[in-house]
$ cat coords01.pdb   # PDB, C-alpha atoms
ATOM      1  CA  MET Y 194      32.821  44.952  -7.231  1.00  0.00           C
ATOM      2  CA  ASP Y 195      35.603  44.512  -4.673  1.00  0.00           C
ATOM      3  CA  ASN Y 196      38.902  44.719  -6.582  1.00  0.00           C
ATOM      4  CA  SER Y 197      40.715  42.235  -4.299  1.00  0.00           C
ATOM      5  CA  PHE Y 198      38.065  39.645  -5.159  1.00  0.00           C
ATOM      6  CA  LYS Y 199      38.546  40.265  -8.890  1.00  0.00           C
ATOM      7  CA  LYS Y 200      42.331  40.045  -8.484  1.00  0.00           C
ATOM      8  CA  ASN Y 201      42.103  36.668  -6.701  1.00  0.00           C
ATOM      9  CA  ILE Y 202      39.787  35.161  -9.308  1.00  0.00           C
ATOM     10  CA  PRO Y 203      40.724  36.820 -12.589  1.00  0.00           C
ATOM     11  CA  GLU Y 204      39.008  34.149 -14.694  1.00  0.00           C
ATOM     12  CA  LEU Y 205      35.586  35.214 -13.373  1.00  0.00           C
ATOM     13  CA  SER Y 206      34.176  37.816 -15.685  1.00  0.00           C
ATOM     14  CA  ALA Y 207      32.436  40.890 -14.320  1.00  0.00           C
ATOM     15  CA  SER Y 208      29.187  39.694 -15.910  1.00  0.00           C
ATOM     16  CA  LEU Y 209      29.415  36.314 -14.111  1.00  0.00           C
ATOM     17  CA  MET Y 210      30.011  38.049 -10.772  1.00  0.00           C
ATOM     18  CA  ASP Y 211      27.055  40.338 -11.465  1.00  0.00           C
ATOM     19  CA  ARG Y 212      24.877  37.281 -12.116  1.00  0.00           C
ATOM     20  CA  LEU Y 213      26.095  35.572  -8.930  1.00  0.00           C
ATOM     21  CA  LYS Y 214      25.349  38.703  -6.936  1.00  0.00           C
ATOM     22  CA  GLU Y 215      21.845  38.814  -8.457  1.00  0.00           C
ATOM     23  CA  VAL Y 216      21.023  35.322  -7.172  1.00  0.00           C
ATOM     24  CA  GLY Y 217      23.002  35.511  -3.936  1.00  0.00           C
ATOM     25  CA  ASN Y 218      22.894  37.536  -0.753  1.00  0.00           C
ATOM     26  CA  THR Y 219      25.800  39.479   0.689  1.00  0.00           C
ATOM     27  CA  ARG Y 220      26.205  39.126   4.437  1.00  0.00           C
ATOM     28  CA  ARG Y 221      28.620  40.554   6.983  1.00  0.00           C
ATOM     29  CA  ILE Y 222      29.844  38.148   9.631  1.00  0.00           C
ATOM     30  CA  MET Y 223      31.725  39.191  12.723  1.00  0.00           C
ATOM     31  CA  LYS Y 224      34.886  37.545  14.084  1.00  0.00           C
ATOM     32  CA  GLY Y 225      33.922  34.357  15.916  1.00  0.00           C
ATOM     33  CA  GLU Y 226      30.506  34.083  14.242  1.00  0.00           C
ATOM     34  CA  VAL Y 227      29.621  30.628  12.906  1.00  0.00           C
ATOM     35  CA  LEU Y 228      28.884  30.704   9.188  1.00  0.00           C
ATOM     36  CA  LEU Y 229      28.109  26.990   8.868  1.00  0.00           C
ATOM     37  CA  GLN Y 230      27.576  24.417  11.610  1.00  0.00           C
ATOM     38  CA  GLU Y 231      28.510  20.759  11.323  1.00  0.00           C
ATOM     39  CA  ASP Y 232      25.495  18.458  10.634  1.00  0.00           C
ATOM     40  CA  ALA Y 233      23.379  21.416   9.457  1.00  0.00           C
ATOM     41  CA  PRO Y 234      21.657  21.435   6.067  1.00  0.00           C
ATOM     42  CA  VAL Y 235      23.648  23.251   3.377  1.00  0.00           C
ATOM     43  CA  TYR Y 236      21.318  25.831   1.865  1.00  0.00           C
ATOM     44  CA  SER Y 237      23.926  28.121   0.306  1.00  0.00           C
ATOM     45  CA  ILE Y 238      27.483  28.152  -0.981  1.00  0.00           C
ATOM     46  CA  PRO Y 239      29.680  30.888   0.490  1.00  0.00           C
ATOM     47  CA  ILE Y 240      32.110  32.909  -1.618  1.00  0.00           C
ATOM     48  CA  LEU Y 241      34.283  35.058   0.621  1.00  0.00           C
ATOM     49  CA  LEU Y 242      34.422  38.665  -0.563  1.00  0.00           C
ATOM     50  CA  SER Y 243      36.636  39.950   2.263  1.00  0.00           C
ATOM     51  CA  GLY Y 244      38.055  38.757   5.553  1.00  0.00           C
ATOM     52  CA  ALA Y 245      38.943  35.216   6.607  1.00  0.00           C
ATOM     53  CA  VAL Y 246      36.979  32.128   7.615  1.00  0.00           C
ATOM     54  CA  LYS Y 247      38.396  29.086   9.379  1.00  0.00           C
ATOM     55  CA  VAL Y 248      36.999  25.709   8.231  1.00  0.00           C
ATOM     56  CA  ASN Y 249      37.184  22.881  10.782  1.00  0.00           C
ATOM     57  CA  GLN Y 250      36.028  19.292  11.008  1.00  0.00           C
ATOM     58  CA  ILE Y 251      35.252  17.573  14.290  1.00  0.00           C
ATOM     59  CA  GLU Y 252      36.380  13.975  14.692  1.00  0.00           C
ATOM     60  CA  GLU Y 253      36.339  12.018  17.934  1.00  0.00           C
ATOM     61  CA  ASP Y 254      35.569  15.203  19.899  1.00  0.00           C
ATOM     62  CA  LYS Y 255      38.632  16.947  18.443  1.00  0.00           C
ATOM     63  CA  GLU Y 256      38.401  19.971  16.187  1.00  0.00           C
ATOM     64  CA  MET Y 257      40.762  19.707  13.220  1.00  0.00           C
ATOM     65  CA  LEU Y 258      41.615  22.678  11.002  1.00  0.00           C
ATOM     66  CA  LEU Y 259      41.041  21.839   7.337  1.00  0.00           C
ATOM     67  CA  TYR Y 260      41.734  25.191   5.667  1.00  0.00           C
ATOM     68  CA  TYR Y 261      41.210  28.928   5.732  1.00  0.00           C
ATOM     69  CA  LEU Y 262      39.063  30.815   3.256  1.00  0.00           C
ATOM     70  CA  LYS Y 263      40.345  34.225   2.233  1.00  0.00           C
ATOM     71  CA  SER Y 264      39.021  36.866  -0.111  1.00  0.00           C
ATOM     72  CA  GLY Y 265      37.959  35.264  -3.393  1.00  0.00           C
ATOM     73  CA  ASP Y 266      37.732  31.704  -2.034  1.00  0.00           C
ATOM     74  CA  MET Y 267      34.703  29.413  -2.189  1.00  0.00           C
ATOM     75  CA  CYS Y 268      34.110  26.681   0.399  1.00  0.00           C
ATOM     76  CA  ILE Y 269      34.458  23.421  -1.522  1.00  0.00           C
ATOM     77  CA  MET Y 270      33.044  21.341   1.345  1.00  0.00           C
ATOM     78  CA  SER Y 271      29.876  23.459   1.336  1.00  0.00           C
ATOM     79  CA  PHE Y 272      29.703  23.216  -2.448  1.00  0.00           C
ATOM     80  CA  LEU Y 273      29.904  19.416  -2.395  1.00  0.00           C
ATOM     81  CA  GLY Y 274      27.450  19.092   0.504  1.00  0.00           C
ATOM     82  CA  GLY Y 275      24.967  21.385  -1.230  1.00  0.00           C
ATOM     83  CA  LEU Y 276      25.416  19.703  -4.601  1.00  0.00           C
ATOM     84  CA  TYR Y 277      24.707  16.245  -3.184  1.00  0.00           C
ATOM     85  CA  GLY Y 278      22.053  17.333  -0.677  1.00  0.00           C
ATOM     86  CA  GLU Y 279      24.154  16.247   2.294  1.00  0.00           C
ATOM     87  CA  LYS Y 280      24.438  17.837   5.713  1.00  0.00           C
ATOM     88  CA  SER Y 281      27.532  19.878   6.447  1.00  0.00           C
ATOM     89  CA  LYS Y 282      30.629  17.942   7.449  1.00  0.00           C
ATOM     90  CA  ILE Y 283      32.426  21.095   8.532  1.00  0.00           C
ATOM     91  CA  LYS Y 284      32.146  24.054  10.852  1.00  0.00           C
ATOM     92  CA  ALA Y 285      33.044  27.433   9.337  1.00  0.00           C
ATOM     93  CA  VAL Y 286      33.847  30.296  11.713  1.00  0.00           C
ATOM     94  CA  ALA Y 287      34.871  33.858  10.858  1.00  0.00           C
ATOM     95  CA  GLY Y 288      38.496  34.407  11.827  1.00  0.00           C
ATOM     96  CA  GLU Y 289      37.974  38.148  11.398  1.00  0.00           C
ATOM     97  CA  ASP Y 290      35.140  40.458  10.408  1.00  0.00           C
ATOM     98  CA  SER Y 291      34.233  39.298   6.902  1.00  0.00           C
ATOM     99  CA  GLU Y 292      31.844  39.756   4.009  1.00  0.00           C
ATOM    100  CA  VAL Y 293      30.469  36.715   2.231  1.00  0.00           C
ATOM    101  CA  LEU Y 294      28.309  36.163  -0.837  1.00  0.00           C
ATOM    102  CA  LEU Y 295      25.857  33.324  -0.158  1.00  0.00           C
ATOM    103  CA  ILE Y 296      24.624  31.602  -3.316  1.00  0.00           C
ATOM    104  CA  PRO Y 297      21.505  29.457  -2.699  1.00  0.00           C
ATOM    105  CA  VAL Y 298      22.196  25.851  -3.665  1.00  0.00           C
ATOM    106  CA  ASN Y 299      19.001  25.562  -5.729  1.00  0.00           C
ATOM    107  CA  ARG Y 300      20.009  28.652  -7.755  1.00  0.00           C
ATOM    108  CA  LEU Y 301      23.579  27.481  -8.299  1.00  0.00           C
ATOM    109  CA  VAL Y 302      22.574  24.049  -9.569  1.00  0.00           C
ATOM    110  CA  ASN Y 303      20.348  25.672 -12.208  1.00  0.00           C
ATOM    111  CA  PHE Y 304      22.783  28.493 -12.959  1.00  0.00           C
TER     112      PHE Y 304
END
$ encode --input "coords01.pdb" --output "C-alpha coordinates"
Amino acid sequence: MDNSFKKNIPELSASLMDRLKEVGNTRRIMKGEVLLQEDAPVYSIPILLSGAVKVNQIEEDKEMLLYYLKSGDMCIMSFLGGLYGEKSKIKAVAGEDSEVLLIPVNRLVNF
(Lines of atoms letter the chains of each structure in order from A and count residues from 1; the text may use other names and numbers.)
(Lines give C-alpha, C1' and ligand atoms only; values in the text may rest on other atoms or scores of the structure.)
Protein backbone atom coordinates (compact mmCIF):
# COMPACT_ATOMS: atom_id res chain seq x y z
CA MET A 1 0.00 0.00 0.00
CA ASP A 2 1.21 3.51 -0.83
CA ASN A 3 2.51 5.03 2.42
CA SER A 4 1.44 8.60 1.52
CA PHE A 5 -2.13 7.35 1.19
CA LYS A 6 -1.96 5.69 4.62
CA LYS A 7 -0.47 8.85 6.13
CA ASN A 8 -3.28 11.04 4.74
CA ILE A 9 -6.03 8.74 6.00
CA PRO A 10 -4.67 7.16 9.18
CA GLU A 11 -8.11 6.08 10.39
CA LEU A 12 -8.43 3.62 7.49
CA SER A 13 -7.09 0.29 8.60
CA ALA A 14 -4.89 -1.78 6.31
CA SER A 15 -7.60 -4.46 6.21
CA LEU A 16 -10.23 -1.92 5.03
CA MET A 17 -7.90 -0.68 2.28
CA ASP A 18 -7.25 -4.28 1.25
CA ARG A 19 -11.01 -4.87 1.01
CA LEU A 20 -11.50 -1.68 -1.03
CA LYS A 21 -8.72 -2.72 -3.38
CA GLU A 22 -10.37 -6.15 -3.78
CA VAL A 23 -13.63 -4.60 -5.01
CA GLY A 24 -12.10 -1.66 -6.87
CA ASN A 25 -9.84 -1.17 -9.86
CA THR A 26 -6.64 0.84 -9.86
CA ARG A 27 -6.19 3.06 -12.89
CA ARG A 28 -3.48 5.45 -14.04
CA ILE A 29 -4.67 8.70 -15.55
CA MET A 30 -2.45 11.11 -17.41
CA LYS A 31 -2.34 14.89 -16.92
CA GLY A 32 -5.30 16.45 -18.72
CA GLU A 33 -7.28 13.20 -18.91
CA VAL A 34 -10.94 13.46 -17.89
CA LEU A 35 -11.77 11.12 -15.03
CA LEU A 36 -15.46 12.06 -14.82
CA GLN A 37 -17.54 14.10 -17.25
CA GLU A 38 -20.44 16.32 -16.25
CA ASP A 39 -23.89 14.74 -16.93
CA ALA A 40 -22.36 11.25 -17.18
CA PRO A 41 -23.61 8.35 -15.07
CA VAL A 42 -21.57 7.78 -11.91
CA TYR A 43 -20.51 4.14 -11.95
CA SER A 44 -17.60 4.36 -9.51
CA ILE A 45 -16.25 6.45 -6.66
CA PRO A 46 -12.64 7.57 -7.09
CA ILE A 47 -10.13 7.52 -4.24
CA LEU A 48 -6.93 9.25 -5.30
CA LEU A 49 -3.85 7.17 -4.50
CA SER A 50 -1.31 9.60 -5.99
CA GLY A 51 -1.24 12.76 -8.06
CA ALA A 52 -3.84 15.52 -8.25
CA VAL A 53 -7.27 15.89 -9.83
CA LYS A 54 -9.09 19.17 -10.43
CA VAL A 55 -12.87 19.09 -9.83
CA ASN A 56 -14.90 21.70 -11.73
CA GLN A 57 -18.56 22.55 -12.19
CA ILE A 58 -19.90 24.27 -15.28
CA GLU A 59 -22.55 26.94 -14.79
CA GLU A 60 -23.80 29.31 -17.47
CA ASP A 61 -20.99 28.21 -19.81
CA LYS A 62 -18.35 29.06 -17.20
CA GLU A 63 -16.12 26.47 -15.60
CA MET A 64 -15.80 26.99 -11.84
CA LEU A 65 -13.14 25.26 -9.74
CA LEU A 66 -14.71 23.49 -6.77
CA TYR A 67 -11.70 21.72 -5.25
CA TYR A 68 -8.59 19.67 -5.87
CA LEU A 69 -8.23 16.03 -4.92
CA LYS A 70 -4.81 14.99 -3.68
CA SER A 71 -3.40 11.69 -2.51
CA GLY A 72 -5.80 10.07 -0.04
CA ASP A 73 -8.84 12.14 -1.04
CA MET A 74 -12.21 10.80 -2.19
CA CYS A 75 -14.48 12.79 -4.51
CA ILE A 76 -17.53 13.62 -2.40
CA MET A 77 -19.54 14.83 -5.41
CA SER A 78 -19.02 11.46 -7.12
CA PHE A 79 -19.91 9.67 -3.90
CA LEU A 80 -23.19 11.56 -3.53
CA GLY A 81 -24.08 11.20 -7.22
CA GLY A 82 -23.38 7.47 -7.11
CA LEU A 83 -25.21 6.99 -3.83
CA TYR A 84 -28.37 8.67 -5.12
CA GLY A 85 -28.15 7.34 -8.68
CA GLU A 86 -27.74 10.82 -10.15
CA LYS A 87 -25.67 11.92 -13.12
CA SER A 88 -22.41 13.69 -12.41
CA LYS A 89 -22.64 17.39 -11.62
CA ILE A 90 -18.89 17.84 -11.94
CA LYS A 91 -16.02 17.38 -14.34
CA ALA A 92 -12.87 15.83 -12.86
CA VAL A 93 -9.60 16.26 -14.77
CA ALA A 94 -6.13 15.03 -13.82
CA GLY A 95 -3.93 17.99 -12.94
CA GLU A 96 -0.90 15.71 -13.13
CA ASP A 97 -0.22 12.05 -13.84
CA SER A 98 -2.19 10.24 -11.14
CA GLU A 99 -3.27 6.86 -9.82
CA VAL A 100 -6.84 6.36 -8.70
CA LEU A 101 -8.75 3.53 -7.04
CA LEU A 102 -12.22 3.26 -8.59
CA ILE A 103 -14.78 1.62 -6.30
CA PRO A 104 -17.93 0.51 -8.18
CA VAL A 105 -20.99 2.21 -6.71
CA ASN A 106 -22.95 -1.06 -6.45
CA ARG A 107 -20.08 -2.63 -4.45
CA LEU A 108 -19.67 0.35 -2.14
CA VAL A 109 -23.36 0.54 -1.25
CA ASN A 110 -23.29 -3.12 -0.17
CA PHE A 111 -19.85 -2.89 1.44
$ atom_distance --input "coords01.pdb" --atom1 "CA of Glu226 in chain Y" --atom2 "CA of Glu252 in chain Y"
21.0 Å
$ closest_residue --input "coords01.pdb" --among "Y:Met270, Y:Ile251, Y:Val235, Y:Ile296" --to "Leu213 in chain Y" --atoms "all atoms listed in the file"
Y:Ile296
$ atom_distance --input "coords01.pdb" --atom1 "CA of Glu289 in chain Y" --atom2 "CA of Tyr236 in chain Y"
22.8 Å
$ resolve_selection --input "coords01.pdb" --expression "the PyMOL selection byres ((chain Y and resi 222) around 9)" --output "ChimeraX atom specification"
/Y:220-221,223-228,287,289-293
$ closest_residue --input "coords01.pdb" --among "Y:Leu229, Y:Leu294, Y:Ala245, Y:Ala207" --to "Gly274 in chain Y" --atoms "only C-alpha atoms"
Y:Leu229
$ resolve_selection --input "coords01.pdb" --expression "the PyMOL selection byres ((chain Y and resi 283) around 6)" --output "PyMOL selection string"
chain Y and resi 231+249-250+281-282+284
$ resolve_selection --input "coords01.pdb" --expression "the PyMOL selection byres ((chain Y and resi 237) around 10)" --output "ChimeraX atom specification"
/Y:217-218,229,234-236,238-240,271-272,274-276,294-301
$ closest_residue --input "coords01.pdb" --among "Y:Thr219, Y:Gln230, Y:Ser243, Y:Ser208" --to "Val286 in chain Y" --atoms "only C-alpha atoms"
Y:Gln230
$ axis_aligned_box --input "coords01.pdb" --around "range 247-261 of chain Y" --padding-each-side "3 Å" --output "JSON"
{"center_x": 38.5, "center_y": 20.6, "center_z": 12.8, "size_x": 12.5, "size_y": 23.1, "size_z": 20.2}
$ closest_residue --input "coords01.pdb" --among "Y:Leu241, Y:Ala233, Y:Leu258, Y:Lys247" --to "Gly278 in chain Y" --atoms "only C-alpha atoms"
Y:Ala233
$ atom_distance --input "coords01.pdb" --atom1 "CA of Ala285 in chain Y" --atom2 "CA of Asp266 in chain Y"
13.0 Å
$ build_atoms --input "coords01.pdb" --residues "range 235-263 of chain Y" --atoms "N, CA and C atoms" --output "PDB file, keeping the file's coordinate frame"
ATOM      1  N   VAL Y 235      22.906  22.260   4.158  1.00  0.00           N
ATOM      2  CA  VAL Y 235      23.648  23.251   3.377  1.00  0.00           C
ATOM      3  C   VAL Y 235      22.664  23.897   2.397  1.00  0.00           C
ATOM      4  N   TYR Y 236      22.268  25.121   2.705  1.00  0.00           N
ATOM      5  CA  TYR Y 236      21.318  25.831   1.865  1.00  0.00           C
ATOM      6  C   TYR Y 236      21.993  26.781   0.882  1.00  0.00           C
ATOM      7  N   SER Y 237      23.240  27.182   1.189  1.00  0.00           N
ATOM      8  CA  SER Y 237      23.926  28.121   0.306  1.00  0.00           C
ATOM      9  C   SER Y 237      25.424  27.859   0.300  1.00  0.00           C
ATOM     10  N   ILE Y 238      26.045  28.299  -0.790  1.00  0.00           N
ATOM     11  CA  ILE Y 238      27.483  28.152  -0.981  1.00  0.00           C
ATOM     12  C   ILE Y 238      28.126  29.513  -0.743  1.00  0.00           C
ATOM     13  N   PRO Y 239      29.046  29.601   0.223  1.00  0.00           N
ATOM     14  CA  PRO Y 239      29.680  30.888   0.490  1.00  0.00           C
ATOM     15  C   PRO Y 239      30.881  31.166  -0.412  1.00  0.00           C
ATOM     16  N   ILE Y 240      30.928  32.393  -0.921  1.00  0.00           N
ATOM     17  CA  ILE Y 240      32.110  32.909  -1.618  1.00  0.00           C
ATOM     18  C   ILE Y 240      32.580  34.086  -0.774  1.00  0.00           C
ATOM     19  N   LEU Y 241      33.793  34.016  -0.268  1.00  0.00           N
ATOM     20  CA  LEU Y 241      34.283  35.058   0.621  1.00  0.00           C
ATOM     21  C   LEU Y 241      34.713  36.284  -0.180  1.00  0.00           C
ATOM     22  N   LEU Y 242      34.098  37.409   0.119  1.00  0.00           N
ATOM     23  CA  LEU Y 242      34.422  38.665  -0.563  1.00  0.00           C
ATOM     24  C   LEU Y 242      35.541  39.414   0.151  1.00  0.00           C
ATOM     25  N   SER Y 243      35.560  39.327   1.483  1.00  0.00           N
ATOM     26  CA  SER Y 243      36.636  39.950   2.263  1.00  0.00           C
ATOM     27  C   SER Y 243      36.714  39.258   3.615  1.00  0.00           C
ATOM     28  N   GLY Y 244      37.870  39.352   4.237  1.00  0.00           N
ATOM     29  CA  GLY Y 244      38.055  38.757   5.553  1.00  0.00           C
ATOM     30  C   GLY Y 244      38.679  37.382   5.479  1.00  0.00           C
ATOM     31  N   ALA Y 245      38.401  36.573   6.523  1.00  0.00           N
ATOM     32  CA  ALA Y 245      38.943  35.216   6.607  1.00  0.00           C
ATOM     33  C   ALA Y 245      37.987  34.343   7.401  1.00  0.00           C
ATOM     34  N   VAL Y 246      37.849  33.096   6.943  1.00  0.00           N
ATOM     35  CA  VAL Y 246      36.979  32.128   7.615  1.00  0.00           C
ATOM     36  C   VAL Y 246      37.782  30.848   7.820  1.00  0.00           C
ATOM     37  N   LYS Y 247      37.699  30.317   9.029  1.00  0.00           N
ATOM     38  CA  LYS Y 247      38.396  29.086   9.379  1.00  0.00           C
ATOM     39  C   LYS Y 247      37.420  27.916   9.207  1.00  0.00           C
ATOM     40  N   VAL Y 248      37.837  26.875   8.484  1.00  0.00           N
ATOM     41  CA  VAL Y 248      36.999  25.709   8.231  1.00  0.00           C
ATOM     42  C   VAL Y 248      37.580  24.526   8.998  1.00  0.00           C
ATOM     43  N   ASN Y 249      36.769  23.982   9.914  1.00  0.00           N
ATOM     44  CA  ASN Y 249      37.184  22.881  10.782  1.00  0.00           C
ATOM     45  C   ASN Y 249      36.289  21.671  10.577  1.00  0.00           C
ATOM     46  N   GLN Y 250      36.817  20.518  10.966  1.00  0.00           N
ATOM     47  CA  GLN Y 250      36.028  19.292  11.008  1.00  0.00           C
ATOM     48  C   GLN Y 250      36.231  18.693  12.393  1.00  0.00           C
ATOM     49  N   ILE Y 251      35.166  18.163  12.962  1.00  0.00           N
ATOM     50  CA  ILE Y 251      35.252  17.573  14.290  1.00  0.00           C
ATOM     51  C   ILE Y 251      35.229  16.066  14.155  1.00  0.00           C
ATOM     52  N   GLU Y 252      36.277  15.433  14.693  1.00  0.00           N
ATOM     53  CA  GLU Y 252      36.380  13.975  14.692  1.00  0.00           C
ATOM     54  C   GLU Y 252      36.795  13.530  16.078  1.00  0.00           C
ATOM     55  N   GLU Y 253      36.045  12.563  16.606  1.00  0.00           N
ATOM     56  CA  GLU Y 253      36.339  12.018  17.934  1.00  0.00           C
ATOM     57  C   GLU Y 253      36.512  13.132  18.960  1.00  0.00           C
ATOM     58  N   ASP Y 254      35.592  14.075  18.961  1.00  0.00           N
ATOM     59  CA  ASP Y 254      35.569  15.203  19.899  1.00  0.00           C
ATOM     60  C   ASP Y 254      36.781  16.126  19.792  1.00  0.00           C
ATOM     61  N   LYS Y 255      37.506  16.053  18.685  1.00  0.00           N
ATOM     62  CA  LYS Y 255      38.632  16.947  18.443  1.00  0.00           C
ATOM     63  C   LYS Y 255      38.342  17.774  17.210  1.00  0.00           C
ATOM     64  N   GLU Y 256      38.609  19.070  17.323  1.00  0.00           N
ATOM     65  CA  GLU Y 256      38.401  19.971  16.187  1.00  0.00           C
ATOM     66  C   GLU Y 256      39.690  20.050  15.380  1.00  0.00           C
ATOM     67  N   MET Y 257      39.586  19.740  14.089  1.00  0.00           N
ATOM     68  CA  MET Y 257      40.762  19.707  13.220  1.00  0.00           C
ATOM     69  C   MET Y 257      40.610  20.785  12.139  1.00  0.00           C
ATOM     70  N   LEU Y 258      41.619  21.640  12.027  1.00  0.00           N
ATOM     71  CA  LEU Y 258      41.615  22.678  11.002  1.00  0.00           C
ATOM     72  C   LEU Y 258      41.819  22.044   9.633  1.00  0.00           C
ATOM     73  N   LEU Y 259      40.893  22.334   8.707  1.00  0.00           N
ATOM     74  CA  LEU Y 259      41.041  21.839   7.337  1.00  0.00           C
ATOM     75  C   LEU Y 259      41.710  22.880   6.454  1.00  0.00           C
ATOM     76  N   TYR Y 260      41.170  24.115   6.477  1.00  0.00           N
ATOM     77  CA  TYR Y 260      41.734  25.191   5.667  1.00  0.00           C
ATOM     78  C   TYR Y 260      41.118  26.515   6.063  1.00  0.00           C
ATOM     79  N   TYR Y 261      41.731  27.578   5.566  1.00  0.00           N
ATOM     80  CA  TYR Y 261      41.210  28.928   5.732  1.00  0.00           C
ATOM     81  C   TYR Y 261      40.667  29.412   4.395  1.00  0.00           C
ATOM     82  N   LEU Y 262      39.556  30.116   4.437  1.00  0.00           N
ATOM     83  CA  LEU Y 262      39.063  30.815   3.256  1.00  0.00           C
ATOM     84  C   LEU Y 262      39.510  32.258   3.367  1.00  0.00           C
ATOM     85  N   LYS Y 263      39.986  32.810   2.270  1.00  0.00           N
ATOM     86  CA  LYS Y 263      40.345  34.225   2.233  1.00  0.00           C
ATOM     87  C   LYS Y 263      39.597  34.864   1.070  1.00  0.00           C
TER      88      LYS Y 263
END
